[in-house]
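These notes concern the structure reproduced below.
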There are 2 protein chains.
Amino acid sequence: MFSKACEYGIKASIFIAISSSEGKRVTPKEIAEEINSPQAFTAKILQALVKHDVINSVKGAYGGFEIDKNQINKIKLAQIVNAIDGDKIYRGCGLGLEKCDENHPCPVHDKFKSIRNNLQFMLEHTTLEELALDIKSGASFLKV
Amino acid sequence: MFSKACEYGIKASIFIAISSSEGKRVTPKEIAEEINSPQAFTAKILQALVKHDVINSVKGAYGGFEIDKNQINKIKLAQIVNAIDGDKIYRGCGLGLEKCDENHPCPVHDKFKSIRNNLQFMLEHTTLEELALDIKSGASFLKV
DNA sequence: ATTAAATAGGATATTTTTATCCGAAATAAA
DNA sequence: TTTATTTCGGATAAAAATATCCTATTTAAT
Ligand code: FES
Ligand code: FES
């Protein structure tokens, strides 16, 4: 469904959101440990998220990654997925035709489109805040 | 969403279904042309579909691939996906946790599960026959 | 200024997926 | 029986995704 890079990106963002809500910046090392991901690869993904203004980075000593506290309830999963995997989830054809086109649909277009719309709606309406809250309360987990 | 191999497998199966309904066997060459896929790679996928009893192969001159005429309305997309990509679509965690587990859910488990269930239902209820009919009538397309 | 800690980013390596190639085995027709 | 055609299956090759490594740059504290 999502690429590994995207999975790491989502989990990392949730962890950064939690830390930022507690006023702490975090390093790629801490993040990788918390979400059980390869550190250097995760660092690359964090760069992409910074470039797309999902998270913020502070260079130098006492630096790290953070998210503006009052942005946490505004950031949607869709932004993260879009920053890393692009919009091929929405634009691409489920059977690999050049593009998904109402006027030249593949055999599963209608059925696929409805599922994809559900996915899109979910991504566009799920905030980092709600996911972070579930982690904090122990209702969900970032690793194992 | 699906692997390339799976996309080719689905499109190939639809084309074989159409040909078989007209009493014709087809070769990997014809299939690859019809679905715009790499021939040798497609042939490998056809082998997997044969092994999983989705399609039938006849070796030797005048041989090729076919589907038992009165099976076309019984074969579900789920069988093809399962033959090629396995059951990781259903079993796997959306965020890459070791397994998708109600008692140890990832942050998107609930939301993801409902979408995945829709997908599963769609795959388990869509037959090769209905997809083949749409191609025949010109309502959908296998390439470009 | 110097130092230590941190991100940025290029280069490279590994693994997985996708794709190609070729010879062996099977089969129908001549 | 010979030949032509076709699937089967193993061995590679190429491309993409994932992962690692190393150096440069930035920055806060001393
Ligand atoms: S054309 Fe294939 S999903 Fe729309
Ligand atoms: S645990 Fe992640 S989808 Fe179920």
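Please note that chains go A, B, ... in the order of the structure tokens, that every chain numbers its residues from 1, and that ligands are numbered from 1 in the order shown.
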
(message) For a quick test of understanding: name the residues of chain B lying within 8 Å of chain A when counting only C-alpha atoms, and present them as an MDAnalysis selection string.
(response) chainID B and resid 1:2 4 7:8 10:11 89 94:98 104:108 111 115 118:119 122 131:132 134:135 139:144

(message) Would you mind listing, as a PyMOL selection string, all residues of chain A that have at least one atom within 12 Å of chain C, where only C-alpha atoms (C1' of nucleotides) are what counts?
(response) chain A and resi 25-29+40+43-48+50-51+56-65

(request) Quote the spacing between atom CA of Ile18 of chain B and atom CA of Val54 of chain B in Å to one decimal place. (result)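 These atoms are spaced 14.3 Å apart.
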
(message) Show me, as a PyMOL selection string, the residues that have an atom within 8 Å of Lys24 of chain A when counting only C-alpha atoms (C1' of nucleotides), minus same-chain residues fewer than 4 positions from it.
(response) chain A and resi 19-20+66

(request) Work out how far atom CA of Glu30 of chain B is from atom C1' of DA11 of chain D, in Å to one decimal. (result)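 Here the two named atoms are 25.1 Å from each other.
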
(request) Mind giving me the straight-line distance from atom C1' of DC8 of chain D to atom CA of Gly23 of chain B in Å, one decimal? (result)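 So the answer is 23.7 Å.
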
(request) Find the residue from A:Ala12, A:Lys76, A:Lys136, A:Gln39 that sits nearest to chain D; use only C-alpha atoms (C1' of nucleotides) when measuring. (result)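 Result for the nearest residue to chain D: A:Gln39.
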
Would you mind listing, for every residue of chain D within 12 Å of chain B, the two atoms forming the shortest contact and the distance between them in Å to one decimal, using only C-alpha atoms (C1' of nucleotides), sorted by chain and ascending residue number, as CSV?
```
residue,atom,partner,partner_atom,distance
D:DT3,C1',B:Ala61,CA,10.7
D:DA4,C1',B:Ala61,CA,7.3
D:DT5,C1',B:Ala61,CA,4.1
D:DT6,C1',B:Gly60,CA,4.2
D:DT7,C1',B:Lys59,CA,4.9
D:DC8,C1',B:Gln47,CA,7.9
D:DG9,C1',B:Lys44,CA,9.2
D:DG10,C1',B:Lys44,CA,11.8
```

(request) Write out as a list in words the residues lying within 8 Å of Lys74 of chain B, counting only C-alpha atoms (C1' of nucleotides) and excluding same-chain residues fewer than 3 positions away. (result)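 The residues satisfying every condition are Asn70, Gln71, Thr127, Leu128 and Glu129 of chain B.
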
Take the residues just selected and output them with N, CA and C atoms as a CSV table (one decimal), in the first residue's frame.
```csv
chain,number,residue,atom,x,y,z
B,70,ASN,N,-16.8,-22.7,-18.2
B,70,ASN,CA,-17.8,-22.5,-17.1
B,70,ASN,C,-17.1,-22.2,-15.8
B,71,GLN,N,-15.9,-21.8,-15.8
B,71,GLN,CA,-15.2,-21.4,-14.6
B,71,GLN,C,-15.1,-19.8,-14.6
B,127,THR,N,-15.9,-11.0,-10.4
B,127,THR,CA,-15.5,-12.1,-11.2
B,127,THR,C,-14.8,-11.7,-12.5
B,128,LEU,N,-14.1,-12.6,-13.0
B,128,LEU,CA,-13.4,-12.5,-14.3
B,128,LEU,C,-14.5,-12.2,-15.4
B,129,GLU,N,-15.6,-12.9,-15.2
B,129,GLU,CA,-16.6,-12.7,-16.2
B,129,GLU,C,-17.1,-11.3,-16.4
```
